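S.K.: This is the structure I have questions about; it appears just below.
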Amino acid sequence: MDWIAITIKPNQSKKAEANLQNQGFATFFPRIFYKIKNKTHVKDMFSGYAFVRINNYEKLKSINATYGVSKVLSIQNRIPTLSDDTINSIEEQVNAHNNNYELDKTLKINDQVIIKLEIFKNQPAEILNITENKDSQNILLRLLDSSHTIWVDKSLIEFQDL
């Protein structure tokens, strides 16, 4: 089975994805998260393009006729293909970006966190108060059943999985 690239009609990627999946096609529409003025947005990584896994080239007409799809990408009347490894590599990069983005969410009072400093040995903590200072935050923590105030770089704060 091969992956092929398709072009998507403007603002139709979600519809195209749903319609292709309803026909039984495996699809990959890489999307990334980003922020503008503290509001989260989702954007297609390759605007106007997506990937479809195909094992029967007779289904190309069906893909081309799918609502939201513009056409199957071809170069000089040849349809280029991508391997599973290539798609998996792109997917890993997108997931790494999106996972890091999610971990970079804004800290709030009452968040349960882990401070990644050796002195605390990954002890869970609760944020009681926050004062911003460039890349660090002055955080009043409930740690070991008492309150402590520390300066800590944001990169050393990990959200606790509950």
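Here, A, B, ... name the chains of the structure tokens in the order displayed, residue numbers run from 1 inside each chain, and ligands are numbered from 1 in the same displayed order.
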With only C-alpha atoms as the counted atoms, please give the residues lying no more than 12 Å from stretch 76-80 of chain A, apart from itself and same-chain residues fewer than 3 positions off, as a VMD selection string.
M.R.: chain A and resid 2 to 6 51 to 52 54 57 60 71 to 73 83
S.K.: Include N, CA and C atoms and write out the residues we just selected as a PDB file, in the first residue's frame.
M.R.:
ATOM      1  N   ASP A   2       0.427   2.229  -0.710  1.00  0.00           N
ATOM      2  CA  ASP A   2       1.164   3.473  -0.832  1.00  0.00           C
ATOM      3  C   ASP A   2       0.329   4.631  -0.304  1.00  0.00           C
ATOM      4  N   TRP A   3       1.019   5.684   0.050  1.00  0.00           N
ATOM      5  CA  TRP A   3       0.371   6.938   0.401  1.00  0.00           C
ATOM      6  C   TRP A   3       0.522   7.868  -0.789  1.00  0.00           C
ATOM      7  N   ILE A   4      -0.561   8.562  -1.122  1.00  0.00           N
ATOM      8  CA  ILE A   4      -0.510   9.548  -2.189  1.00  0.00           C
ATOM      9  C   ILE A   4      -0.912  10.903  -1.612  1.00  0.00           C
ATOM     10  N   ALA A   5      -0.465  11.945  -2.277  1.00  0.00           N
ATOM     11  CA  ALA A   5      -0.834  13.302  -1.860  1.00  0.00           C
ATOM     12  C   ALA A   5      -2.055  13.745  -2.657  1.00  0.00           C
ATOM     13  N   ILE A   6      -2.929  14.475  -1.985  1.00  0.00           N
ATOM     14  CA  ILE A   6      -4.096  15.046  -2.648  1.00  0.00           C
ATOM     15  C   ILE A   6      -4.134  16.536  -2.359  1.00  0.00           C
ATOM     16  N   PHE A  51      -2.843  13.473   2.776  1.00  0.00           N
ATOM     17  CA  PHE A  51      -2.356  12.183   2.299  1.00  0.00           C
ATOM     18  C   PHE A  51      -3.429  11.123   2.462  1.00  0.00           C
ATOM     19  N   VAL A  52      -3.498  10.225   1.477  1.00  0.00           N
ATOM     20  CA  VAL A  52      -4.466   9.127   1.503  1.00  0.00           C
ATOM     21  C   VAL A  52      -3.714   7.842   1.220  1.00  0.00           C
ATOM     22  N   ILE A  54      -3.610   4.214  -0.242  1.00  0.00           N
ATOM     23  CA  ILE A  54      -4.347   3.559  -1.327  1.00  0.00           C
ATOM     24  C   ILE A  54      -3.679   2.229  -1.677  1.00  0.00           C
ATOM     25  N   TYR A  57      -5.395   1.374  -7.287  1.00  0.00           N
ATOM     26  CA  TYR A  57      -5.361   2.620  -8.051  1.00  0.00           C
ATOM     27  C   TYR A  57      -6.641   2.853  -8.848  1.00  0.00           C
ATOM     28  N   LEU A  60      -8.799   5.857  -7.559  1.00  0.00           N
ATOM     29  CA  LEU A  60      -8.403   7.248  -7.750  1.00  0.00           C
ATOM     30  C   LEU A  60      -9.587   8.112  -8.176  1.00  0.00           C
ATOM     31  N   LYS A  71      -8.049  17.339  -6.210  1.00  0.00           N
ATOM     32  CA  LYS A  71      -7.557  16.303  -7.123  1.00  0.00           C
ATOM     33  C   LYS A  71      -6.434  15.520  -6.461  1.00  0.00           C
ATOM     34  N   VAL A  72      -6.127  14.388  -7.061  1.00  0.00           N
ATOM     35  CA  VAL A  72      -4.949  13.609  -6.677  1.00  0.00           C
ATOM     36  C   VAL A  72      -3.751  14.305  -7.284  1.00  0.00           C
ATOM     37  N   LEU A  73      -2.711  14.501  -6.499  1.00  0.00           N
ATOM     38  CA  LEU A  73      -1.516  15.186  -6.976  1.00  0.00           C
ATOM     39  C   LEU A  73      -0.763  14.298  -7.962  1.00  0.00           C
ATOM     40  N   SER A  83       6.135   6.399   1.371  1.00  0.00           N
ATOM     41  CA  SER A  83       6.152   5.158   2.144  1.00  0.00           C
ATOM     42  C   SER A  83       5.509   5.369   3.515  1.00  0.00           C
TER      43      SER A  83
END
S.K.: Report the residues of stretch 17-48 of chain A whose backbone DSSP state falls under strand (DSSP E), written as a list in words.
M.R.: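 In stretch 17-48 of chain A, DSSP puts these residues in strand (DSSP E): Ala26, Thr27, Phe28, Arg31, Ile32, Phe33, Tyr34, Lys35, Ile36, Lys39, Thr40, His41, Val42, Lys43 and Asp44 of chain A.
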S.K.: Write the residues of the preceding selection, restricted to C-alpha atoms, as a JSON list (two decimals), in the first residue's frame.
M.R.:
[["chain", "number", "residue", "atom", "x", "y", "z"],
["A", 26, "ALA", "CA", -6.94, 5.83, 5.69],
["A", 27, "THR", "CA", -6.05, 9.51, 5.71],
["A", 28, "PHE", "CA", -3.43, 11.78, 7.21],
["A", 31, "ARG", "CA", -2.49, 19.72, 11.81],
["A", 32, "ILE", "CA", -0.53, 21.87, 14.23],
["A", 33, "PHE", "CA", -1.57, 24.01, 17.18],
["A", 34, "TYR", "CA", -0.51, 27.63, 17.55],
["A", 35, "LYS", "CA", -1.48, 30.65, 19.64],
["A", 36, "ILE", "CA", -2.43, 34.20, 18.76],
["A", 39, "LYS", "CA", -6.21, 31.92, 21.80],
["A", 40, "THR", "CA", -5.47, 28.43, 20.50],
["A", 41, "HIS", "CA", -5.81, 27.77, 16.78],
["A", 42, "VAL", "CA", -5.40, 24.65, 14.65],
["A", 43, "LYS", "CA", -3.91, 24.86, 11.17],
["A", 44, "ASP", "CA", -3.22, 22.35, 8.42]]
S.K.: Between atom CA of A:Ser13 and atom CA of A:Val94, what distance in Å does the model show, to one decimal?
M.R.: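 Atom CA of A:Val94 lies 16.8 Å from atom CA of A:Ser13.
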S.K.: Mind giving me the straight-line distance from atom CA of A:Asn56 to atom CA of A:Leu82 in Å, one decimal?
M.R.: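 Interatomic distance here is 14.9 Å.
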S.K.: List the spatial neighbours of stretch 18-25 of chain A as a PyMOL selection string - criterion: any atom at most 9 Å away, only C-alpha atoms, same-chain residues fewer than 4 positions off excluded.
M.R.: chain A and resi 13-14+52-54+62-63+66-69
S.K.: How would the residues just picked look written out with N, CA and C atoms as a compact mmCIF listing (two decimals), in the first residue's frame?
M.R.:
# COMPACT_ATOMS: atom_id res chain seq x y z
N SER A 13 -10.75 21.05 4.35
CA SER A 13 -9.96 19.90 4.79
C SER A 13 -10.73 18.98 5.74
N LYS A 14 -11.49 19.53 6.66
CA LYS A 14 -12.23 18.66 7.59
C LYS A 14 -13.32 17.88 6.88
N VAL A 52 -3.50 10.23 1.48
CA VAL A 52 -4.47 9.13 1.50
C VAL A 52 -3.71 7.84 1.22
N ARG A 53 -4.03 6.82 1.99
CA ARG A 53 -3.42 5.51 1.76
C ARG A 53 -4.28 4.76 0.75
N ILE A 54 -3.61 4.21 -0.24
CA ILE A 54 -4.35 3.56 -1.33
C ILE A 54 -3.68 2.23 -1.68
N SER A 62 -12.66 7.73 -7.37
CA SER A 62 -13.47 7.95 -6.17
C SER A 62 -12.87 9.05 -5.30
N ILE A 63 -11.54 9.04 -5.16
CA ILE A 63 -10.86 10.07 -4.37
C ILE A 63 -11.04 11.44 -5.03
N THR A 66 -14.44 12.98 -4.43
CA THR A 66 -14.83 13.19 -3.04
C THR A 66 -15.03 14.67 -2.76
N TYR A 67 -16.14 14.99 -2.11
CA TYR A 67 -16.45 16.37 -1.75
C TYR A 67 -15.34 16.93 -0.86
N GLY A 68 -14.78 18.06 -1.24
CA GLY A 68 -13.70 18.70 -0.50
C GLY A 68 -12.33 18.45 -1.11
N VAL A 69 -12.21 17.40 -1.90
CA VAL A 69 -10.93 17.08 -2.56
C VAL A 69 -10.90 17.79 -3.91
S.K.: Could you jot down the atom CA of A:Ile115 to atom CA of A:Ile157 separation for me, Å, one decimal place?
M.R.: 4.9 Å
S.K.: When distances are computed from only C-alpha atoms, which of A:Asn88, A:Gln12, A:Thr7, A:Asn95 shows the smallest separation from A:Ser74?
M.R.: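 Among A:Asn88, A:Gln12, A:Thr7, A:Asn95, it is A:Thr7 that comes nearest to A:Ser74.
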S.K.: Would you mind telling me which residue in A:Lys61, A:Lys9, A:Pro30, A:Ile109 lies nearest to A:Gln93 when using only C-alpha atoms?
M.R.: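 Nearest candidate to A:Gln93 out of A:Lys61, A:Lys9, A:Pro30, A:Ile109: A:Pro30.
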